[in-house]
Each structure stands twice: as C-alpha cells, then as structure tokens.
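Q: Mind looking over this structure? Questions follow.
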Amino acid sequence: MTSPQPVVQMTGISIEFPGVKALQGVDFRLLPGEVHALIGENGAGKSTLIKALTGVYGIDSGTILVGGEERVFAGPARAQQAGISTVYQEVNLCENLSVGENIMLGHEPRRFGGIDWRTLRHRAATYLDRLGLDIDPASSLSAHSLAVQQLVAICRAMVVDARVLILDEPTSSLDADEVARLFRVIRGLRDDGVAILFVSHFIDQIYEISDRMTILRNGVLVGEYLTRDLPRLELVSKMIGKSLAVLEQLEEAPKRSAVHDEGATPALQAVGLGRRGSVQPIDLDLYAGEVVGLAGLLGSGRTEIARLLYGADRPDAGQTVVAGTPTRLRNPRTAMDHGIAFSSEHRKAEGLVGDLTVRENIMLGLQAERGWARRIPRRRADEVVERYIELLGIRPADPEALVRNLSGGNQQKVLLARWLATAPKVLILDEPTRGIDVGAKAEIQRLIAELAKDGMAVVFISAELEEVLRLSHRIAVMRDRAKVADLVNGDDVGLDDVVGLIASGRAS
Amino acid sequence: MSTDQISSRTAGGTPGVVARLGRGLRLDRRYLPVLGALAVLVLMLAVGQARYGNFLSGRVLSNLFINNSFLIVLAVGLTFVIITGGIDLSVGAVVALSGILAASLFQSGWPAAVVIPAMVLVGSLIGLVVGVMVHVFEIQPFIATLAAMFLARGLSYVISLSSIPITDPTIVWLSAYRIPVGETWTITPSGIIALSVVAIAFYLLHHTQFGRTVYAIGGGDQSATLMGLPVARTKVLVYVISGTCAGIGGFLFSVFSRSGYSLTGVGMELDAIAAVVIGGTLLTGGSGFVLGSLLGVLVLGLIQTIITFEGTLSSWWTKIVIGVLLLVFVVLQRVIAVRRR
C-alpha cells in the first residue's frame, strides 16, 4: 500500500515514572485522513503516549516527528499551535466559564483590541451547531451534564485548524445517540484530511470508526494492524495477552435470577424515596445475596437514586429502611455506620486521594470506620492491602505507588478495594467498569458476583445494558427520573425487553 | 444532569442560532453576590439619609471617593489575584514602603517626575518577585506574599523609623486640588486615578485574552494548561498587577496623608481582601468582578462614614460591622454555590 507521509511519527519512545515503566521503546505513526485507534488495557500506556506527543510529559528517549520535522513540544499550547489538539478523557474545561468561552478561549475574536463577545458567541454557536448541540453559548458550563461538556470539549478542539485530533475516551460518558453524532463529526473531519487518534475501550466502536489500530500492552508495542484485517477476538487476546479460551470462560457467566427467600427482610429498602428535581419517589428493595441492576440512560436518575440511598443527597419524600428499621440516612457517615458503601462514578473527584499511596487509599475507609484516634497497626494494614491488591489484580502491585500515577482502571480497583475492606452489607457501585478494559471488566464483574454470593446486597449501575443483564438478579429500569419497571432477571428477560422499557416506558 | 438540552435534531434544520443568541438576557447567578453588595450599599445610603437628613449630599459621597481611593486601587489589584485562586498579603506593606521611599527621595531633592514612577515600580518589582516565587518555585501564595509583606515592611523601617512629611509641590497640588462636578460634587485627581484603574482592570478582565485566562486559572489551572492557555505568564502577571496596584495605592495614600511613614497600612491588605469578598469575589477563585470590589470598598467606606455621623459610637464599631457583613456575605456565597449544584 502506498501510504502518504505520516503526519506524526514517534520512534522508540520510552518514559519512566518513579517505580513505573510507562512506555518502553514504543513506535507509533499517524497518517492524514485516517482514524487510528490506540488500544490497550488500563496501564498499557495509551494516555502516556498521548501526553508524550502533546508535550505534557517529557520523553526519556526516542524521537517525535511532526510533519517530517523533529519536534518536542514544551506543552499542550505548543502542540496546539502545531495543529495537534486533544480532548482528554476527564473533561478538562473550566466549569466557571460559559460554554462559548470554553470553546473559544485562546482564540477569541478581537475588535478594537478587545474581545468581541458578540462574534465570539456567534462563532461558538456555529461550532455547536456543527455537532448538532442546541445549547446557549452564554450559559455556564457547569449547568450542563458530563456528556454535553464532552461535546463542548470536542467543539473546542475543532476551533484550531487541527491536523491531528486526539480523542482520549471521548465516548465513555455518551449515550448511543450522542456517539452516533460524534462519529458523524469524526468521519467528516477525517474526510477533510485530519488525522484522528481515537482511544476507546468499546470494541464495537473501534470497529465502527477506525481504519487502523495500534495495540499496546504494559507499555510495550504489540503491533499495528489494519482494522479490517484483525478479527475482534484476536484483537482482544492481543490486548490482554491471554488465550481466547480464558476470555470466553470469563464472558460466559450463567444467568442469575432472584435468590432471596419469600418473607426475608431487605438489607436496605427505599419506600417512596425521592427528591424534587432529581428523582421521582421510588420503591426499591435490596436483599442480601442479590445484585440489583439499575438500567437506564444517562440522566435517567440512576446516580441520583444511588446518592439518596447513601445519604449523599437529602431526600424530600419517603424513607429508607435498614434491615427492617426505618432509619434516616442523614449523611454518608450514617450510611457507612449502617454498612452501606457507595463507589462514585467520578472516581477522581469523589473517591480517591491522588497524592496518597495505594495502601493509604485502601486503608482510608477502614480507618474512618474505626475512628481516627485508633490507628490500625501497620502489620494489619499491610495484610489487608496485600490481599486486595492480589484479589483485584491492582497494577503495579506496589502498595507505595501514588494513586495519581495509576491508570483509570487500576484507580477504580483501588476504590473498590477500599470499600470491600470495610466489609459493607450493602455496596452501591456507580459505573464501576466505565473506562476500563475488557480483562479488568470481566474481573470486576466476577468479583461482584462473588460478593453477592457471599451475602452482600449489591446495587450495580452501568450504562452497558449487557453487563447489567449478565450480573443482576433483579433489574430496576429507570426512565426520565422515575422507575418504570422492576424485572426479575431470568432466561426470559432479554436485552430487547430492557431497551424497550427504556425507550417507551412500557414492556415491548 | 439532564440530556434534554441535546435535542435529537440533525444539522438539517437550524432554527437555533438566532433564537439562541436572544435568550442570553436572564439574570445569571454569578451576579447575585455583586447585586447583594449593591443592595447593601443602597440600603446604607437610605438608612443614612433617613437618620441624618443631610447624608445623601455631594460632599459626603465625594469624600467617600477621596478617602478611599487608595483602597479601591488595592482591592482592584487583589481581585485579579483572588480570581486566580491566590491571595496577596503584601499590599499593605508595599503601600508603606512606596510611601516612605517617596518621602525620603523627596527629602533628598528628587523631582516628582522620577519619584512617582519609582513608587509604582517598587510595587511592580515586589509583585514580580512574588509571582516568580509562586509560579516557578511553587510556593503557596499565602507564604510567598507573607514573606514579601515582611520584606517590604522591614525595608520601610530601614529607610526611616519616623514619619517624613512630603512638601513636594506636585504632591501638595494633587492633594489640595478639587475638581467640581455639578453643584455640590467634587472629585480629586486621586479619585480620577482610582476610577481609571477600575476601568482599565474591567477592560483587562472582561475584554482581553489575559483576563479570560485569569478566570480560567481560577476554574482549574490544570484544565487551563491543557487548554493551551499561557498559564505561567498569567500567574506571574496577576501578582505584578497586584504589586503595581499596591504601588499606585502607596502613591495615592501619600497624596492623601502628605507624608510617608513605615507604620502605614498595617492591616490594610485585610481591609482590601474584605472589600473584594464583600464585592462578590470567591476566595476559592474562578468567579468575581472588579466592579464588585469597587462596591465593596464603598460599603466599607460608608460604614466608617455612618459611624462618624453617629458621633457617640467608638470607631472600633467599624471593624465589628465589617466582620458581621463579611460573615453574611461569605454565607450568602456558600448558599448560592450549594443551590447551584
């Protein structure tokens, strides 16, 4: 194949962080007018490679050619000037500014030396329109959902005449419609000759959008392939370095159905629990030994219900009943005292302390439960931490590594370990598998199933319905901030039923 | 969170753009703290007028500007720093340093054309040092500016321990000159300088890329860096601006007092911070307005005026009222921030 001159050519890139070899001699190239998927498990080095290209991290060895010239960017600003724009996984915009400003910041139109606000809003509106987003450019960014903020970030990347557009997990918080719209935009840009680097954990999406892919594993290059030449299963096995048989075994968990005895007392019960403007009053029973899945689209009230159950938000209707006794969960503290744990979907902001080590993060929950005055003996702490690092396969398996330096999936595992260490009776997991790779996902799913078998009541929230169906004993379907159905999972419940309920609010 | 803003319409029908631009004119929550400061100001004027009769006169209001012009300039400079999420404790000491430096230079016969720029530049220089400490060496702004405060105060003592009167004709003229506005209003050159500083700051913050970067840094400097904004330059510049404003403040204060004294402006930085906060700027950064800071200074000045009018009250009541007001405003800001979520 006669390939045009690559717009980006990285050769022999190595980067080392204290205690972590993030990249070892990785080669990577990006051609104009292609969508190139960068694939790998958590901690494989995808984000690090991107940050090396955009100048966020310095490289320890290797060369980077951009448009044929050797370049090392001093920072994202320089990379942007050279036509390399990035939309990061965690939306990196300023919530205190307006949507329009976030799009145009750094490229404001001027008039008489000052910013021309009218033109700015007008242009921002044009970019928003191109993505089919109908929002007011003058509105504050914080007023919008994560999905909208993500699209705004992409708008921002389009403002610079980008030769290279890097999308790091752009779809992890978008629903199907939004993904379709994003893909239309990506194809349009590709046809204009833009080189697009696309990082995603969704294999279907990779096959839908990408022309070529590069696979990384543990900081080492596995290979570069044309998407159409590489079957899915082979891709996955290259990614995680395990044989296909193991994978299939992980994927094929038997279906579960309700297991609680008639007349058993729910571990946690919501009776007409609701909060105005957030979620309409709903009933929900959680039994020991059961996984209850919350299915629904983004913004359907999934997270909101979880926050009410955990006492993070105050309900203005209904009550919570813990093991048969009506109990007011005034704050997360009280909820924890009653054995209720909540792992948030925003693991960075609402869960982990990046500057503490893995050990310290895991011990936080246990120490808080015990009271700060009574220190947990170091030996016991080491035991607990070691057990969970092994159980969950946290990588690097170093209790002293800073959580900040871990990849997203491993951070999620640390968060999970923290809650598991407190041995909760009720565990609420909000998107525990978002943004993590297939292998880790299967591990976490298996773990959840085991926890339930050992007698924990689990609430499982996920945007991936297949996952909800596979894991849950019962499924509560949410739609427009209300519960529309309560399904007992079994062989007769299929994906179509749940999708139908979400779409129409009625069984199809 | 809702997804209903994302309509499912395709790019085919675009009735949006024009209609969307028209909707921009509702009250933004961000303006609430500033409106609160304005409401307090109006309320105080109304109460003063009701109680003392001759309160709403041009003389009283003109004096408000004359007596507080230096504080206005300090508060404006601090607004920049506080919006980025920083703080500047050095401004009071810089006022003293700049004043005593000028007084001693005048004493040795230097002309005003040299001394006045020197007063301003000494502030800029200290600001630059602070900015470099904060940005390059990543020292907490609180500590860096605390160090600068001791440095500036110490230098003032080195220059002179006692108050030095200023007899330079330019300064004397500036302090005595009154420009009549209308029948009863007057304004001084100091007032004009202060209002010009407010106007320039307003332009910088709201109409230049530099200003927007200041806000972006307050929203999160990690994000601002990743957005490709000149974070380093901007962070240093806000301290230079604050230092420069302190230098100008020192100049205005020496015009006001016609002397330089090393004990000038002890605690003045805290008055300025109070004014900025009452004016609706969040100490956590990311949100605030220069005009709010102006209102904040006027509120503080008016408290003083009312207590003077009252006659029987000890002047320390000023501090008590400021404290209460500050608490109320901080609580108000919290309530707004929580509601927003």
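Identifiers for the structure tokens are assigned positionally: chains receive A, B, ... in sequence, residues are indexed from 1 per chain, and ligands are indexed from 1 in the order shown.
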Output as number ranges by chain all residues of region 47-230 of chain B that backbone DSSP marks as strand (DSSP E).
A: B: 164-165, 179-181, 185-187
Q: May I have the residues from that selection written out with N, CA and C atoms, as a PDB file, in the first residue's frame?
A:
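What follows is the written file part-v6.pdb:
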ATOM      1  N   ILE B 164       7.922  60.958  57.699  1.00  0.00           N
ATOM      2  CA  ILE B 164       8.567  62.044  56.961  1.00  0.00           C
ATOM      3  C   ILE B 164       7.494  62.816  56.200  1.00  0.00           C
ATOM      4  N   PRO B 165       7.377  64.109  56.462  1.00  0.00           N
ATOM      5  CA  PRO B 165       6.380  64.893  55.721  1.00  0.00           C
ATOM      6  C   PRO B 165       6.804  65.081  54.271  1.00  0.00           C
ATOM      7  N   ILE B 179     -11.744  69.148  41.744  1.00  0.00           N
ATOM      8  CA  ILE B 179     -12.433  69.439  40.502  1.00  0.00           C
ATOM      9  C   ILE B 179     -13.932  69.405  40.793  1.00  0.00           C
ATOM     10  N   PRO B 180     -14.622  70.519  40.656  1.00  0.00           N
ATOM     11  CA  PRO B 180     -16.059  70.491  40.929  1.00  0.00           C
ATOM     12  C   PRO B 180     -16.801  69.763  39.816  1.00  0.00           C
ATOM     13  N   VAL B 181     -17.723  68.900  40.238  1.00  0.00           N
ATOM     14  CA  VAL B 181     -18.579  68.205  39.275  1.00  0.00           C
ATOM     15  C   VAL B 181     -19.998  68.567  39.658  1.00  0.00           C
ATOM     16  N   TRP B 185     -20.858  68.277  43.978  1.00  0.00           N
ATOM     17  CA  TRP B 185     -19.891  67.180  43.898  1.00  0.00           C
ATOM     18  C   TRP B 185     -18.507  67.703  43.579  1.00  0.00           C
ATOM     19  N   THR B 186     -17.517  67.045  44.133  1.00  0.00           N
ATOM     20  CA  THR B 186     -16.150  67.342  43.730  1.00  0.00           C
ATOM     21  C   THR B 186     -15.436  66.023  43.539  1.00  0.00           C
ATOM     22  N   ILE B 187     -14.383  66.087  42.753  1.00  0.00           N
ATOM     23  CA  ILE B 187     -13.572  64.889  42.622  1.00  0.00           C
ATOM     24  C   ILE B 187     -12.112  65.305  42.627  1.00  0.00           C
TER      25      ILE B 187
END
Q: Could you produce a table of the residues of chain A lying within 6 Å of chain B, with the nearest pair of atoms per residue and their separation in Å rounded to one decimal, using only C-alpha atoms, ordered by chain and increasing residue number, as JSON lines?
A:
{"residue": "A:Pro76", "atom": "CA", "partner": "B:Gly228", "partner_atom": "CA", "distance": 5.2}
{"residue": "A:Ala77", "atom": "CA", "partner": "B:Gly228", "partner_atom": "CA", "distance": 3.7}
{"residue": "A:Asn92", "atom": "CA", "partner": "B:Ser223", "partner_atom": "CA", "distance": 4.7}
{"residue": "A:Leu93", "atom": "CA", "partner": "B:Ser223", "partner_atom": "CA", "distance": 5.5}
{"residue": "A:Cys94", "atom": "CA", "partner": "B:Gly219", "partner_atom": "CA", "distance": 5.0}
{"residue": "A:Asn96", "atom": "CA", "partner": "B:Gly219", "partner_atom": "CA", "distance": 5.6}
{"residue": "A:Gly114", "atom": "CA", "partner": "B:His207", "partner_atom": "CA", "distance": 4.8}
{"residue": "A:Ile115", "atom": "CA", "partner": "B:His207", "partner_atom": "CA", "distance": 4.6}
{"residue": "A:Gly132", "atom": "CA", "partner": "B:Ala11", "partner_atom": "CA", "distance": 5.6}
{"residue": "A:Leu133", "atom": "CA", "partner": "B:Ile6", "partner_atom": "CA", "distance": 5.7}
{"residue": "A:Asp134", "atom": "CA", "partner": "B:Ile6", "partner_atom": "CA", "distance": 5.9}
{"residue": "A:Asp136", "atom": "CA", "partner": "B:Arg20", "partner_atom": "CA", "distance": 5.7}
{"residue": "A:Ser145", "atom": "CA", "partner": "B:Met1", "partner_atom": "CA", "distance": 4.9}
{"residue": "A:Gly299", "atom": "CA", "partner": "B:Ser2", "partner_atom": "CA", "distance": 4.9}
Q: At a cut-off of 9 Å, using only C-alpha atoms, what residues contact region 148-162 of chain B? Leave out same-chain residues fewer than 4 positions from it and give the result as number ranges by chain.
A: B: 88-101, 104, 126-127, 129-130, 143-144, 260-263
Q: Between CA of Ala341 (chain A) and CA of Ala421 (chain A), what is the spacing in Å?
A: 10.6 Å
Q: Neighbours of region 241-257 of chain B within 8 Å (only C-alpha atoms; same-chain residues fewer than 6 positions away dropped), as a PDB file with C-alpha atoms, in the first residue's frame?
A:
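Now in part.pdb:
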ATOM      1  CA  ASN B  67     -10.848  58.936  51.484  1.00  0.00           C
ATOM      2  CA  SER B  69      -9.217  55.950  46.509  1.00  0.00           C
ATOM      3  CA  PHE B  70      -6.109  54.038  47.608  1.00  0.00           C
ATOM      4  CA  LEU B  71      -8.216  51.184  48.962  1.00  0.00           C
ATOM      5  CA  VAL B  73      -6.863  50.530  43.773  1.00  0.00           C
ATOM      6  CA  LEU B  74      -5.613  47.882  46.212  1.00  0.00           C
ATOM      7  CA  VAL B  76      -8.782  46.043  42.204  1.00  0.00           C
ATOM      8  CA  GLY B  77      -5.290  44.535  42.168  1.00  0.00           C
ATOM      9  CA  LEU B  78      -6.292  41.904  44.691  1.00  0.00           C
ATOM     10  CA  PHE B  80      -7.031  39.654  39.873  1.00  0.00           C
ATOM     11  CA  VAL B  81      -5.044  37.561  42.326  1.00  0.00           C
ATOM     12  CA  ASP B  88      -1.716  38.763  48.240  1.00  0.00           C
ATOM     13  CA  VAL B  91      -0.129  45.060  49.575  1.00  0.00           C
ATOM     14  CA  GLY B  92      -0.426  46.948  52.882  1.00  0.00           C
ATOM     15  CA  VAL B  94       4.018  47.796  49.893  1.00  0.00           C
ATOM     16  CA  VAL B  95       1.879  50.908  50.427  1.00  0.00           C
ATOM     17  CA  ALA B  96       4.092  51.804  53.385  1.00  0.00           C
ATOM     18  CA  LEU B  97       7.312  51.051  51.519  1.00  0.00           C
ATOM     19  CA  SER B  98       6.312  53.024  48.482  1.00  0.00           C
ATOM     20  CA  GLY B  99       5.208  55.968  50.680  1.00  0.00           C
ATOM     21  CA  ILE B 116       6.157  58.948  41.299  1.00  0.00           C
ATOM     22  CA  MET B 119       6.729  54.480  43.784  1.00  0.00           C
ATOM     23  CA  VAL B 120       4.697  52.473  41.333  1.00  0.00           C
ATOM     24  CA  LEU B 121       7.604  50.411  40.069  1.00  0.00           C
ATOM     25  CA  VAL B 122       8.733  49.327  43.521  1.00  0.00           C
ATOM     26  CA  GLY B 123       5.308  47.703  43.829  1.00  0.00           C
ATOM     27  CA  SER B 124       5.597  46.040  40.425  1.00  0.00           C
ATOM     28  CA  LEU B 125       9.019  44.706  41.339  1.00  0.00           C
ATOM     29  CA  ILE B 126       7.821  43.132  44.579  1.00  0.00           C
ATOM     30  CA  GLY B 127       4.860  41.697  42.673  1.00  0.00           C
ATOM     31  CA  LEU B 128       7.221  40.191  40.126  1.00  0.00           C
ATOM     32  CA  ILE B 166       6.127  65.406  51.969  1.00  0.00           C
ATOM     33  CA  ILE B 171       2.043  66.143  45.660  1.00  0.00           C
ATOM     34  CA  VAL B 172       0.731  69.138  47.574  1.00  0.00           C
ATOM     35  CA  LEU B 174      -2.543  66.852  43.870  1.00  0.00           C
ATOM     36  CA  SER B 175      -3.788  66.590  47.415  1.00  0.00           C
ATOM     37  CA  SER B 190      -6.724  60.627  43.239  1.00  0.00           C
TER      38      SER B 190
END
Q: From the DSSP assignment of the backbone, select every residue of region 134-230 of chain A that is alpha helix (DSSP H), and format the answer as JSON, numbers by chain.
A: {"A": [146, 147, 148, 149, 150, 151, 152, 153, 154, 155, 156, 157, 158, 159, 176, 177, 178, 179, 180, 181, 182, 183, 184, 185, 186, 187, 188, 189, 190, 191, 203, 204, 205, 206, 207, 208, 209]}
Q: For Gln140 (chain B), work out the shell of residues within 12 Å, counting only C-alpha atoms and skipping chain neighbours fewer than 3 positions away, then give it as a list in words.
A: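 With the cut-off at 12 Å, the set is Gly85, Gly86, Ile87, Asp88, Leu89, Val130, Gly131, Val132, Met133, Val134, His135, Val136, Phe137, Ile143, Ala144, Thr145, Leu146 and Ala147 of chain B.
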Q: Point out the residue among A:Tyr310, A:Phe460, A:Trp117, A:Tyr225 with the least atom-to-atom distance to Gly296 (chain A), counting only C-alpha atoms.
A: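 Nearest candidate to Gly296 (chain A) out of A:Tyr310, A:Phe460, A:Trp117, A:Tyr225: A:Phe460.
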Q: Between CA of Arg418 (chain A) and CA of Ala442 (chain A), what is the distance in Å, rounded to a tenth?
A: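 If I compute the distance from CA of Arg418 (chain A) to CA of Ala442 (chain A), I get 19.4 Å.
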